[in-house]
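Trainee: Next comes upload_3.cif, mmCIF, C-alpha atoms:
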data_target
#
loop_
_atom_site.label_atom_id
_atom_site.label_comp_id
_atom_site.auth_asym_id
_atom_site.auth_seq_id
_atom_site.Cartn_x
_atom_site.Cartn_y
_atom_site.Cartn_z
CA MET A 214 13.29 -18.68 -20.81
CA ALA A 215 14.60 -20.16 -17.55
CA ASP A 216 14.71 -16.72 -15.94
CA GLN A 217 11.17 -16.00 -17.13
CA GLN A 218 9.92 -19.32 -15.78
CA GLY A 219 11.66 -18.70 -12.47
CA GLU A 220 10.06 -15.30 -12.17
CA GLN A 221 6.64 -16.76 -12.99
CA ASN A 222 7.11 -19.43 -10.32
CA ARG A 223 8.18 -16.82 -7.79
CA ARG A 224 5.09 -14.72 -8.46
CA GLN A 225 2.82 -17.74 -8.19
CA ASP A 226 4.47 -18.73 -4.90
CA GLU A 227 4.09 -15.22 -3.57
CA GLN A 228 0.41 -15.11 -4.53
CA GLY A 229 -0.20 -18.42 -2.79
CA GLU A 230 1.77 -17.31 0.26
CA GLN A 231 -0.18 -14.08 0.48
CA ALA A 232 -3.52 -15.86 0.24
CA GLY A 233 -2.39 -18.04 3.13
CA ARG A 234 -1.27 -15.16 5.36
CA PRO A 235 -4.26 -12.88 5.78
CA ASP A 236 -2.63 -11.07 8.69
CA ARG A 237 -1.46 -8.14 6.62
CA GLY A 238 -2.79 -4.89 7.87
CA GLY A 239 -0.60 -3.25 10.38
CA HIS A 240 0.63 -2.87 13.88
CA PRO A 241 -0.89 -1.80 17.20
CA GLY A 242 -1.36 1.85 18.05
CA PRO A 243 1.14 4.09 19.86
CA ASP A 244 -0.04 2.77 23.25
CA GLY A 245 -0.14 -0.84 22.10
CA GLY A 246 -3.69 -0.47 20.88
CA GLY A 247 -6.64 1.74 21.54
CA ALA A 248 -8.42 4.64 20.00
CA ARG A 249 -6.77 6.76 17.36
CA PRO A 250 -7.61 9.96 15.54
CA GLY A 251 -10.63 9.27 13.39
CA GLY A 252 -11.96 6.60 15.70
CA GLY A 253 -11.37 2.88 15.93
CA GLY A 254 -10.24 0.30 18.41
CA PRO A 255 -7.25 -1.96 19.01
CA GLY A 256 -5.60 -2.93 15.76
CA ASP A 257 -8.51 -2.03 13.52
CA HIS A 258 -7.03 1.13 12.02
CA GLY A 259 -10.06 3.36 12.43
CA LEU A 260 -12.56 0.89 11.04
CA HIS A 261 -14.99 0.52 13.90
CA ALA A 262 -16.18 4.01 14.71
CA ALA A 263 -19.33 4.63 16.70
CA PRO A 264 -22.20 6.09 14.65
CA ARG A 265 -22.89 9.76 15.28
CA GLY A 266 -26.24 11.36 16.01
CA SER A 267 -29.13 9.12 14.97
CA ALA A 268 -27.27 7.48 12.07
CA PRO A 269 -27.40 3.67 12.33
CA ILE A 270 -23.82 3.31 11.03
CA PRO A 271 -20.89 5.69 10.39
CA LEU A 272 -21.36 8.08 7.48
CA SER A 273 -18.39 8.90 5.23
CA VAL A 274 -17.69 10.78 1.99
CA LEU A 275 -16.38 9.86 -1.45
CA ASP A 276 -15.45 12.96 -3.45
CA LEU A 277 -14.41 13.18 -7.10
CA ALA A 278 -13.51 16.89 -7.18
CA THR A 279 -16.04 17.33 -9.99
CA VAL A 280 -15.57 20.30 -12.31
CA GLY A 281 -18.76 22.04 -13.40
CA SER A 282 -19.36 23.98 -16.58
CA GLY A 283 -18.03 27.53 -16.16
CA LEU A 284 -15.78 26.50 -13.25
CA THR A 285 -12.09 25.64 -13.03
CA ALA A 286 -10.20 22.70 -11.57
CA ALA A 287 -8.81 25.10 -8.95
CA GLN A 288 -12.34 25.91 -7.85
CA ALA A 289 -13.27 22.24 -7.78
CA LEU A 290 -10.31 21.39 -5.56
CA ARG A 291 -11.07 24.30 -3.23
CA THR A 292 -14.59 22.87 -2.91
CA THR A 293 -13.07 19.49 -2.01
CA VAL A 294 -11.17 21.17 0.83
CA GLU A 295 -14.32 22.99 1.98
CA LEU A 296 -16.24 19.74 1.88
CA ALA A 297 -13.60 17.88 3.89
CA ARG A 298 -13.64 20.58 6.55
CA LEU A 299 -17.44 20.69 6.62
CA THR A 300 -17.85 16.92 6.95
CA GLU A 301 -15.14 16.79 9.61
CA ARG A 302 -17.05 19.38 11.65
CA ARG A 303 -20.26 17.41 11.25
CA GLY A 304 -18.85 14.07 12.39
CA PHE A 305 -18.47 12.13 9.15
CA HIS A 306 -15.97 9.32 9.71
CA ARG A 307 -13.73 9.40 6.64
CA PHE A 308 -13.18 11.41 3.47
CA TRP A 309 -11.98 9.59 0.35
CA VAL A 310 -10.97 10.83 -3.10
CA ALA A 311 -10.89 8.71 -6.25
CA GLU A 312 -8.40 8.24 -9.08
CA HIS A 313 -9.76 9.06 -12.53
CA HIS A 314 -7.93 10.05 -15.70
CA SER A 315 -8.64 11.90 -18.95
CA MET A 316 -12.05 13.10 -17.74
CA PRO A 317 -12.50 16.88 -18.00
CA GLY A 318 -15.23 16.87 -15.35
CA VAL A 319 -13.17 15.08 -12.68
CA ALA A 320 -10.10 16.74 -11.13
CA SER A 321 -9.03 13.84 -8.90
CA SER A 322 -6.34 12.26 -11.05
CA SER A 323 -3.75 12.32 -8.24
CA PRO A 324 -5.26 11.11 -4.95
CA ALA A 325 -1.98 11.24 -2.99
CA VAL A 326 -1.45 14.90 -3.91
CA ILE A 327 -5.00 15.85 -2.95
CA LEU A 328 -4.82 13.90 0.30
CA ALA A 329 -1.60 15.65 1.32
CA HIS A 330 -3.38 18.98 0.82
CA LEU A 331 -6.40 17.78 2.79
CA ALA A 332 -4.15 16.61 5.62
CA ALA A 333 -2.96 20.20 6.02
CA HIS A 334 -6.55 21.48 6.25
CA THR A 335 -8.13 18.87 8.54
CA GLU A 336 -7.37 17.48 11.97
CA ARG A 337 -9.49 14.43 12.79
CA ILE A 338 -11.36 12.96 9.84
CA ARG A 339 -9.77 9.91 8.25
CA LEU A 340 -8.41 10.55 4.75
CA GLY A 341 -8.07 8.01 2.01
CA SER A 342 -8.24 6.85 -1.57
CA GLY A 343 -11.38 5.42 -3.05
CA GLY A 344 -9.28 4.39 -4.68
CA VAL A 345 -5.80 4.23 -6.05
CA MET A 346 -5.81 2.01 -9.14
CA LEU A 347 -3.00 -0.39 -8.32
CA PRO A 348 -2.27 -1.62 -11.89
CA ASN A 349 -1.49 1.98 -12.90
CA HIS A 350 1.41 2.29 -10.43
CA ALA A 351 4.47 0.49 -9.14
CA PRO A 352 3.68 -0.92 -5.66
CA LEU A 353 6.80 0.71 -4.19
CA VAL A 354 5.62 4.14 -5.37
CA ILE A 355 2.24 3.69 -3.68
CA ALA A 356 3.90 2.46 -0.48
CA GLU A 357 6.15 5.54 -0.42
CA GLN A 358 3.31 7.95 -1.18
CA PHE A 359 1.01 6.58 1.50
CA GLY A 360 3.84 6.18 3.96
CA THR A 361 4.45 9.89 3.47
CA LEU A 362 0.75 10.61 3.98
CA GLU A 363 0.78 8.56 7.18
CA ALA A 364 3.70 10.66 8.42
CA LEU A 365 1.76 13.83 7.61
CA ALA A 366 -1.50 12.64 9.20
CA PRO A 367 -0.59 9.87 11.68
CA GLY A 368 -3.28 7.34 12.42
CA ARG A 369 -5.87 8.58 9.93
CA VAL A 370 -4.85 7.40 6.45
CA ASP A 371 -6.70 4.78 4.40
CA LEU A 372 -5.30 3.17 1.26
CA GLY A 373 -8.21 1.94 -0.84
CA LEU A 374 -7.06 -0.07 -3.86
CA GLY A 375 -8.83 -0.91 -7.10
CA ARG A 376 -7.86 -3.10 -10.05
CA ALA A 377 -9.68 -1.13 -12.79
CA PRO A 378 -7.76 1.58 -14.69
CA GLY A 379 -10.08 4.44 -13.72
CA THR A 380 -10.23 5.49 -17.36
CA ASP A 381 -10.46 4.18 -20.94
CA GLY A 382 -8.09 1.62 -22.41
CA ALA A 383 -5.99 4.07 -24.42
CA THR A 384 -5.37 6.28 -21.38
CA ALA A 385 -4.57 3.23 -19.28
CA ALA A 386 -1.97 2.20 -21.87
CA ALA A 387 -0.41 5.68 -21.68
CA LEU A 388 -0.32 5.50 -17.87
CA ARG A 389 1.26 2.07 -17.79
CA ARG A 390 3.52 2.46 -20.85
CA THR A 391 2.20 -0.85 -22.18
CA ASP A 392 -0.58 -2.15 -24.38
CA ARG A 393 -0.88 -5.34 -22.33
CA LEU A 394 -3.72 -4.02 -20.19
CA ASN A 395 -5.08 -7.38 -19.09
CA GLU A 396 -1.78 -8.17 -17.47
CA GLY A 397 -2.28 -5.44 -14.89
CA ALA A 398 -5.70 -6.71 -13.82
CA ASP A 399 -4.67 -10.36 -13.89
CA ASP A 400 -1.59 -9.61 -11.78
CA PHE A 401 -3.56 -7.73 -9.14
CA PRO A 402 -3.12 -10.33 -6.34
CA GLN A 403 0.64 -10.40 -6.90
CA GLN A 404 0.83 -6.60 -7.03
CA LEU A 405 -1.17 -6.40 -3.82
CA ALA A 406 1.09 -8.91 -2.10
CA GLU A 407 4.13 -6.87 -3.11
CA LEU A 408 2.59 -3.62 -1.91
CA LEU A 409 1.71 -5.12 1.48
CA ARG A 410 5.26 -6.41 1.81
CA PHE A 411 6.62 -2.92 1.16
CA LEU A 412 4.21 -1.38 3.67
CA ASP A 413 5.26 -3.87 6.35
CA ASP A 414 8.91 -4.09 5.22
CA ASP A 415 8.88 -7.86 5.58
CA PHE A 416 10.17 -9.38 2.36
CA PRO A 417 12.01 -12.67 3.02
CA ASP A 418 15.79 -12.42 3.07
CA SER A 419 15.98 -14.39 -0.17
CA HIS A 420 13.62 -12.04 -2.04
CA ARG A 421 15.06 -9.72 -4.69
CA TYR A 422 13.45 -6.76 -2.89
CA ALA A 423 14.70 -7.69 0.60
CA ARG A 424 17.12 -4.74 0.65
CA ILE A 425 14.60 -2.25 -0.76
CA HIS A 426 12.55 -0.25 1.73
CA ALA A 427 9.57 2.04 1.38
CA VAL A 428 10.41 5.27 3.20
CA PRO A 429 8.75 6.59 5.30
CA GLY A 430 8.14 3.12 6.68
CA PRO A 431 9.04 0.47 9.23
CA VAL A 432 12.73 0.32 8.26
CA GLN A 433 13.25 3.63 10.04
CA GLY A 434 12.60 1.88 13.33
CA THR A 435 15.27 -0.74 12.72
CA VAL A 436 18.32 1.44 12.04
CA PRO A 437 20.54 2.77 14.86
CA GLY A 438 18.71 5.56 16.67
CA GLY A 439 15.59 4.99 14.64
CA VAL A 440 12.10 5.49 16.02
CA GLN A 441 9.26 4.17 13.89
CA SER A 442 5.69 5.38 14.03
CA ALA A 443 3.33 2.65 15.20
CA ASP A 444 0.80 3.63 12.55
CA ARG A 445 0.54 2.51 8.96
CA PRO A 446 -2.17 3.08 6.33
CA SER A 447 -5.28 0.96 6.61
CA VAL A 448 -5.58 -1.12 3.42
CA TRP A 449 -8.97 -1.65 1.76
CA LEU A 450 -9.95 -3.40 -1.43
CA LEU A 451 -12.49 -1.72 -3.71
CA GLY A 452 -14.60 -3.27 -6.40
CA SER A 453 -17.63 -3.21 -8.67
CA SER A 454 -17.75 -6.99 -9.23
CA GLY A 455 -16.92 -10.16 -7.35
CA PHE A 456 -13.16 -10.37 -7.93
CA SER A 457 -11.99 -7.95 -5.24
CA ALA A 458 -14.84 -9.01 -2.94
CA ARG A 459 -13.51 -12.57 -2.89
CA LEU A 460 -9.88 -11.45 -2.51
CA ALA A 461 -10.69 -9.02 0.31
CA GLY A 462 -12.54 -11.78 2.12
CA ALA A 463 -9.71 -14.27 1.71
CA LEU A 464 -7.19 -11.76 3.10
CA GLY A 465 -9.40 -10.52 5.94
CA LEU A 466 -9.35 -6.94 4.64
CA PRO A 467 -12.17 -4.37 4.64
CA PHE A 468 -14.10 -4.11 1.38
CA SER A 469 -15.87 -1.17 -0.27
CA PHE A 470 -18.28 -1.74 -3.15
CA ALA A 471 -19.15 0.83 -5.83
CA HIS A 472 -22.93 0.69 -5.45
CA HIS A 473 -23.18 4.18 -6.97
CA PHE A 474 -22.36 2.87 -10.45
CA SER A 475 -22.81 -0.90 -10.22
CA ALA A 476 -25.94 -1.32 -8.10
CA ALA A 477 -27.02 -4.59 -9.73
CA ASN A 478 -23.89 -6.30 -8.40
CA THR A 479 -24.03 -4.91 -4.86
CA LEU A 480 -25.76 -7.75 -3.00
CA PRO A 481 -23.95 -10.59 -4.86
CA ALA A 482 -20.57 -8.96 -4.19
CA LEU A 483 -21.32 -8.37 -0.51
CA ASP A 484 -22.50 -11.95 -0.12
CA LEU A 485 -19.33 -13.20 -1.81
CA TYR A 486 -17.15 -11.06 0.47
CA ARG A 487 -18.86 -12.34 3.60
CA GLN A 488 -18.77 -15.96 2.46
CA SER A 489 -15.06 -15.70 1.56
CA PHE A 490 -14.02 -13.90 4.73
CA ARG A 491 -11.19 -15.27 6.84
CA PRO A 492 -10.32 -13.54 10.15
CA SER A 493 -7.05 -11.59 10.16
CA ALA A 494 -5.02 -9.37 12.46
CA VAL A 495 -7.05 -6.46 11.08
CA LEU A 496 -10.57 -7.90 11.29
CA ASP A 497 -12.21 -10.72 13.16
CA ARG A 498 -15.36 -10.32 11.09
CA PRO A 499 -16.20 -8.79 7.69
CA TYR A 500 -16.30 -5.02 7.40
CA ALA A 501 -18.10 -3.78 4.29
CA SER A 502 -18.99 -0.35 3.01
CA ILE A 503 -20.69 0.88 -0.14
CA GLY A 504 -20.44 4.08 -2.14
CA VAL A 505 -23.86 5.70 -2.50
CA SER A 506 -24.87 8.58 -4.73
CA ALA A 507 -27.12 10.82 -2.60
CA PHE A 508 -28.30 14.40 -2.81
CA ALA A 509 -30.53 16.45 -0.52
CA ALA A 510 -32.21 19.81 -1.12
CA GLU A 511 -34.98 21.73 0.59
CA ASP A 512 -37.52 20.31 -1.85
CA GLU A 513 -37.67 17.26 -4.08
CA LYS A 514 -37.95 19.23 -7.31
CA GLU A 515 -34.68 21.07 -6.67
CA ALA A 516 -32.95 17.84 -5.69
CA ARG A 517 -33.97 16.20 -8.98
CA ARG A 518 -32.88 19.31 -10.86
CA GLN A 519 -29.42 18.99 -9.33
CA VAL A 520 -28.94 15.23 -9.78
CA LEU A 521 -30.00 15.50 -13.41
CA THR A 522 -26.73 17.35 -14.06
CA GLY A 523 -24.74 14.30 -12.96
CA ALA A 524 -26.99 12.01 -14.99
CA LEU A 525 -26.39 14.03 -18.17
CA ALA A 526 -22.65 14.02 -17.48
CA MET A 527 -22.78 10.21 -17.24
CA VAL A 528 -24.75 9.97 -20.50
CA ARG A 529 -22.02 11.92 -22.24
CA LEU A 530 -19.26 9.87 -20.61
CA ARG A 531 -20.87 6.55 -21.53
CA THR A 532 -21.33 7.67 -25.14
CA GLY A 533 -17.71 8.74 -25.55
CA ARG A 534 -18.25 12.47 -25.05
CA PRO A 535 -16.81 13.21 -21.59
CA GLY A 536 -16.98 16.83 -20.52
CA LEU A 537 -17.63 19.14 -17.61
CA VAL A 538 -20.65 18.63 -15.37
CA PRO A 539 -23.44 20.68 -17.00
CA THR A 540 -25.43 23.36 -15.21
CA PRO A 541 -28.98 22.57 -14.02
CA GLU A 542 -30.29 24.87 -16.74
CA GLU A 543 -28.35 22.98 -19.41
CA ALA A 544 -29.56 19.62 -18.11
CA GLU A 545 -33.18 20.81 -18.05
CA ALA A 546 -32.93 22.10 -21.62
CA HIS A 547 -31.28 18.93 -22.98
CA ARG A 548 -33.49 16.85 -25.28
CA PHE A 549 -32.85 13.24 -24.26
CA ASN A 550 -33.46 10.66 -26.97
CA ALA A 551 -35.14 7.35 -26.10
CA ILE A 552 -31.88 5.53 -25.32
CA GLU A 553 -30.67 8.39 -23.16
CA GLU A 554 -33.99 8.55 -21.31
CA ASP A 555 -33.73 4.85 -20.50
CA PHE A 556 -30.20 5.32 -19.21
CA VAL A 557 -31.14 8.34 -17.07
CA SER A 558 -34.16 6.53 -15.64
CA GLY A 559 -32.03 3.56 -14.65
CA TRP A 560 -29.25 5.77 -13.33
CA LEU A 561 -31.52 7.87 -11.12
CA THR A 562 -33.15 4.72 -9.70
CA ASN A 563 -29.91 4.16 -7.78
CA VAL A 564 -29.46 7.78 -6.66
CA VAL A 565 -30.98 8.63 -3.28
CA TYR A 566 -32.31 12.17 -3.66
CA GLY A 567 -35.05 14.44 -2.39
CA THR A 568 -35.74 16.33 0.81
CA PRO A 569 -33.50 15.57 3.81
CA ASP A 570 -36.15 13.27 5.28
CA GLU A 571 -36.55 11.46 1.96
CA VAL A 572 -32.79 11.00 1.65
CA ARG A 573 -32.57 9.67 5.17
CA GLU A 574 -35.38 7.20 4.49
CA GLY A 575 -33.68 6.05 1.30
CA LEU A 576 -30.29 5.62 2.95
CA ASP A 577 -31.81 3.79 5.93
CA ALA A 578 -33.58 1.38 3.57
CA LEU A 579 -30.35 0.75 1.64
CA ILE A 580 -28.41 0.17 4.86
CA LYS A 581 -31.03 -2.32 6.05
CA ARG A 582 -31.14 -4.10 2.69
CA THR A 583 -27.35 -4.48 2.37
CA GLY A 584 -26.36 -4.86 6.02
CA VAL A 585 -23.23 -2.77 5.44
CA ASP A 586 -21.09 -1.37 8.24
CA GLU A 587 -20.57 2.07 6.69
CA ILE A 588 -21.71 4.14 3.72
CA LYS A 589 -19.67 6.61 1.69
CA ILE A 590 -21.85 9.33 0.22
CA THR A 591 -20.90 10.83 -3.13
CA SER A 592 -22.66 13.82 -4.66
CA ASN A 593 -21.80 14.85 -8.20
CA ALA A 594 -23.95 17.90 -8.88
CA HIS A 595 -22.77 20.98 -10.77
CA GLY A 596 -22.27 23.79 -8.28
CA PRO A 597 -20.20 23.82 -5.08
CA GLU A 598 -22.88 25.59 -3.04
CA ALA A 599 -25.50 22.96 -3.80
CA ARG A 600 -23.12 20.10 -3.03
CA LEU A 601 -21.97 21.58 0.27
CA ARG A 602 -25.56 22.30 1.26
CA SER A 603 -26.55 18.71 0.48
CA TYR A 604 -24.04 17.27 2.94
CA GLU A 605 -25.12 19.79 5.56
CA LEU A 606 -28.76 18.77 5.11
CA ILE A 607 -27.91 15.06 5.33
CA ALA A 608 -25.95 15.72 8.52
CA ASP A 609 -28.96 17.58 9.93
CA ALA A 610 -31.30 14.74 8.96
CA TYR A 611 -29.19 12.38 11.06
CA ASP A 612 -28.75 14.85 13.92
CA LEU A 613 -24.98 14.84 13.50
CA PRO A 614 -23.41 17.20 16.02
CA THR A 615 -21.49 20.26 14.93
CA ALA A 616 -17.98 20.11 16.36
CA THR A 617 -16.78 23.09 18.33
CA ALA A 618 -13.30 24.49 17.99
#
As structure tokens, please, write out the structure in this file.

Mentor:
Amino acid sequence: MADQQGEQNRRQDEQGEQAGRPDRGGHPGPDGGGARPGGGGPGDHGLHAAPRGSAPIPLSVLDLATVGSGLTAAQALRTTVELARLTERRGFHRFWVAEHHSMPGVASSSPAVILAHLAAHTERIRLGSGGVMLPNHAPLVIAEQFGTLEALAPGRVDLGLGRAPGTDGATAAALRRTDRLNEGADDFPQQLAELLRFLDDDFPDSHRYARIHAVPGPVQGTVPGGVQSADRPSVWLLGSSGFSARLAGALGLPFSFAHHFSAANTLPALDLYRQSFRPSAVLDRPYASIGVSAFAAEDEKEARRQVLTGALAMVRLRTGRPGLVPTPEEAEAHRFNAIEEDFVSGWLTNVVYGTPDEVREGLDALIKRTGVDEIKITSNAHGPEARLRSYELIADAYDLPTATA
């Protein structure tokens, strides 16, 4: 019991210490500060990029590697690569992939693996997780994985962290090898503090992990002959409620809110983040982004036809029948009952879709209403061609330049 009490006291002390030291977040760039691949200024790790074209703020991407009916996971992941290359050419700021489990229609169960592959197929766009679900993993493992990604793609890696499991309770229990699921969420601040310590390699000498180092990482610059990269992953907190908003503000970290599936909580969470914000070495003012479901097609009817596939997939997921993303023909033929119709109506209210001009108008209105610094566009339609074309049309609507080789 004494050992357990001592460990509890240590964790409480560490949580309090972390809340009082919001300067986590990294080191200056290779030249002591300045621009890096993917944009950004001194010490901000690619956060403050200039908007491109006529966009009022930077545009980014959140991709789930969705698997459509009649398609394979291999095809879905190839589309993710194509989309990353396309959005890099068109000047999108960052490209994130999300962690989900036990969902046949989503192939992004391993963000670090996908990001390593994307690093080999891109050159400039920032790459990151939107997010890694911290309670599912040991903090040291995440620090090692994203330290490796930073070595593969220096200066353009984001580590977005969430406290939800990214799946159902039974799958979360299988991932964590425990049935005590609330413990993971409740321990999130302590897990985050530990992860940041591993990323910065700055555990106190008296800490039980003082001699343990995340490699690749800062320790390589402290050994004889060692040269350490000046870069380290930019850490974000993600959320769909107020918990992570408050914590991100207290630590002076950037915050990304899941507007695409929790729109009713968007403004309260953003307000809470801004009210809780304390300046840090990373940020002197709040930096907030939101995930937005958006889809553009040449005409409004086709756009609705495409987004209805994602709506039907969500109906099935929410009613315990997860599957592949249906085809537009299957979605059109589906007979929605009254409850399903209500869900679809509410769901599509928060999807920005239509012609390119209509999508631009909808996104501009959302940006003005929320005051966010960046949006991450997600598009979960069935076919790869339609999804790729949607991002191209959105880029055209904002006059984003096409990069030359």

Trainee: Identify all residues satisfying the PyMOL selection byres ((chain A and resi 343) around 9) in the given file; provide them as a PDB file with C-alpha atoms, in the frame of the given file.

Mentor:
ATOM      1  CA  LEU A 275     -16.380   9.860  -1.450  1.00  0.00           C
ATOM      2  CA  ASP A 276     -15.450  12.960  -3.450  1.00  0.00           C
ATOM      3  CA  TRP A 309     -11.980   9.590   0.350  1.00  0.00           C
ATOM      4  CA  VAL A 310     -10.970  10.830  -3.100  1.00  0.00           C
ATOM      5  CA  ALA A 311     -10.890   8.710  -6.250  1.00  0.00           C
ATOM      6  CA  GLU A 312      -8.400   8.240  -9.080  1.00  0.00           C
ATOM      7  CA  PRO A 324      -5.260  11.110  -4.950  1.00  0.00           C
ATOM      8  CA  GLY A 341      -8.070   8.010   2.010  1.00  0.00           C
ATOM      9  CA  SER A 342      -8.240   6.850  -1.570  1.00  0.00           C
ATOM     10  CA  GLY A 344      -9.280   4.390  -4.680  1.00  0.00           C
ATOM     11  CA  VAL A 345      -5.800   4.230  -6.050  1.00  0.00           C
ATOM     12  CA  MET A 346      -5.810   2.010  -9.140  1.00  0.00           C
ATOM     13  CA  ASP A 371      -6.700   4.780   4.400  1.00  0.00           C
ATOM     14  CA  LEU A 372      -5.300   3.170   1.260  1.00  0.00           C
ATOM     15  CA  GLY A 373      -8.210   1.940  -0.840  1.00  0.00           C
ATOM     16  CA  LEU A 374      -7.060  -0.070  -3.860  1.00  0.00           C
ATOM     17  CA  GLY A 375      -8.830  -0.910  -7.100  1.00  0.00           C
ATOM     18  CA  TRP A 449      -8.970  -1.650   1.760  1.00  0.00           C
ATOM     19  CA  LEU A 451     -12.490  -1.720  -3.710  1.00  0.00           C
ATOM     20  CA  SER A 469     -15.870  -1.170  -0.270  1.00  0.00           C
TER      21      SER A 469
END

Trainee: Could you please determine the separation between CA of Ala333 in chain A and CA of Pro597 in chain A in Å, to one decimal place?

Mentor: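 Result for CA of Ala333 in chain A versus CA of Pro597 in chain A: 20.8 Å, one decimal.
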
Trainee: Would you please work out which residue, of A:Leu530, A:Asp577, A:Gln288, A:Glu511, is nearest to Arg602 in chain A when using only C-alpha atoms?

Mentor: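 Of all the options, A:Glu511 lies closest to Arg602 in chain A.
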
Trainee: Using only C-alpha atoms, find each residue in range 455-502 of chain A having at least one atom no more than 12 Å away from range 396-420 of chain A; report its shortest atom-to-atom pair and that distance in Å (one decimal), rows by chain then rising number, as CSV.

Mentor:
residue,atom,partner,partner_atom,distance
A:Phe456,CA,A:Phe401,CA,10.0
A:Ser457,CA,A:Pro402,CA,9.2
A:Arg459,CA,A:Pro402,CA,11.2
A:Leu460,CA,A:Pro402,CA,7.8
A:Ala461,CA,A:Pro402,CA,10.2
A:Ala463,CA,A:Pro402,CA,11.1
A:Leu464,CA,A:Ala406,CA,10.2
A:Leu466,CA,A:Leu409,CA,11.6

Trainee: Of the candidates A:Leu328, A:Leu365, A:Ile270, A:Ile338, which shows the shortest atom-to-atom distance to Asp444 in chain A, using only C-alpha atoms?

Mentor: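 Among A:Leu328, A:Leu365, A:Ile270, A:Ile338, it is A:Leu365 that comes nearest to Asp444 in chain A.
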
Trainee: Any chance you could work out the residue set of the PyMOL selection byres ((chain A and resi 484-488) around 9) here, as a PDB file with C-alpha atoms, keeping the file's coordinate frame?

Mentor:
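Printed below is part.pdb as written:
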ATOM      1  CA  GLY A 455     -16.920 -10.160  -7.350  1.00  0.00           C
ATOM      2  CA  SER A 457     -11.990  -7.950  -5.240  1.00  0.00           C
ATOM      3  CA  ALA A 458     -14.840  -9.010  -2.940  1.00  0.00           C
ATOM      4  CA  ARG A 459     -13.510 -12.570  -2.890  1.00  0.00           C
ATOM      5  CA  LEU A 460      -9.880 -11.450  -2.510  1.00  0.00           C
ATOM      6  CA  ALA A 461     -10.690  -9.020   0.310  1.00  0.00           C
ATOM      7  CA  GLY A 462     -12.540 -11.780   2.120  1.00  0.00           C
ATOM      8  CA  ALA A 463      -9.710 -14.270   1.710  1.00  0.00           C
ATOM      9  CA  PHE A 468     -14.100  -4.110   1.380  1.00  0.00           C
ATOM     10  CA  THR A 479     -24.030  -4.910  -4.860  1.00  0.00           C
ATOM     11  CA  LEU A 480     -25.760  -7.750  -3.000  1.00  0.00           C
ATOM     12  CA  PRO A 481     -23.950 -10.590  -4.860  1.00  0.00           C
ATOM     13  CA  ALA A 482     -20.570  -8.960  -4.190  1.00  0.00           C
ATOM     14  CA  LEU A 483     -21.320  -8.370  -0.510  1.00  0.00           C
ATOM     15  CA  SER A 489     -15.060 -15.700   1.560  1.00  0.00           C
ATOM     16  CA  PHE A 490     -14.020 -13.900   4.730  1.00  0.00           C
ATOM     17  CA  ARG A 491     -11.190 -15.270   6.840  1.00  0.00           C
ATOM     18  CA  ARG A 498     -15.360 -10.320  11.090  1.00  0.00           C
ATOM     19  CA  PRO A 499     -16.200  -8.790   7.690  1.00  0.00           C
ATOM     20  CA  TYR A 500     -16.300  -5.020   7.400  1.00  0.00           C
ATOM     21  CA  ALA A 501     -18.100  -3.780   4.290  1.00  0.00           C
TER      22      ALA A 501
END

Trainee: Tell me which of A:Leu579, A:Leu353, A:Ala325, A:Val280 sits closest to Ala427 in chain A, counting all atoms listed in the file.

Mentor: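 Ranking A:Leu579, A:Leu353, A:Ala325, A:Val280 by distance to Ala427 in chain A, first place goes to A:Leu353.
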
Trainee: Using the chain letters and residue numbers of this document, give as a list in words the residues selected by the PyMOL selection byres ((chain A and resi 531-533) around 12).

Mentor: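 Listing what the PyMOL selection byres ((chain A and resi 531-533) around 12) selects in the shown file: Ser315, Met316, Thr380, Asp381, Phe474, Ala524, Leu525, Ala526, Met527, Val528, Arg529, Leu530, Arg534, Pro535, Gly536, Ile552, Glu553, Phe556, Val557 and Trp560 of chain A.
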
Trainee: Considering all atoms listed in the file, can you say which of A:Ala551, A:Ala494, A:Val585, A:Leu576 comes closest to Phe470 in chain A?

Mentor: A:Val585

Trainee: How many Å separate CA of Thr568 in chain A from CA of Ser502 in chain A?

Mentor: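 Between CA of Thr568 in chain A and CA of Ser502 in chain A the gap works out to 23.7 Å.
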
Trainee: At a cut-off of 9 Å, using only C-alpha atoms, what residues contact Lys589 in chain A? Leave out same-chain residues fewer than 3 positions from it and give the result as a list in words.

Mentor: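 What passes the distance filter is Pro271, Leu272, Ser273, Val274, Leu275, Arg307, Phe308, Trp309, Ser469, Ser502, Ile503, Gly504, Val505 and Ser506 of chain A.
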
Trainee: To one decimal in Å, tell me the separation between CA of His595 in chain A and CA of Val538 in chain A.

Mentor: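 About the pair CA of His595 in chain A and CA of Val538 in chain A: they are 5.6 Å apart.
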
Trainee: Between A:Phe359, A:Tyr611, A:Phe508, A:Tyr604, which is the closest to Thr300 in chain A once you count all atoms listed in the file?

Mentor: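 Residue with the minimum atom-to-atom distance to Thr300 in chain A: A:Tyr604.
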
Trainee: Considering only C-alpha atoms, can you say which of A:Ser453, A:Glu545, A:Val448, A:His314 comes closest to Pro467 in chain A?

Mentor: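 So, comparing all the options, the nearest one is A:Val448.
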
Trainee: Hey, could you pull the box centre and edge lengths for range 587-595 of chain A, axis-aligned, 8 Å padding per side, all listed atoms, to one decimal in Å, as JSON?

Mentor:
{"center_x": -21.8, "center_y": 11.5, "center_z": -2.0, "size_x": 20.3, "size_y": 34.9, "size_z": 33.5}

Trainee: For His334 in chain A, please output as a VMD selection string all residues within 10 Å (counting all atoms listed in the file; exclusion window: fewer than 2 positions along the same chain).

Mentor: chain A and resid 294 to 295 297 to 298 328 to 332 336
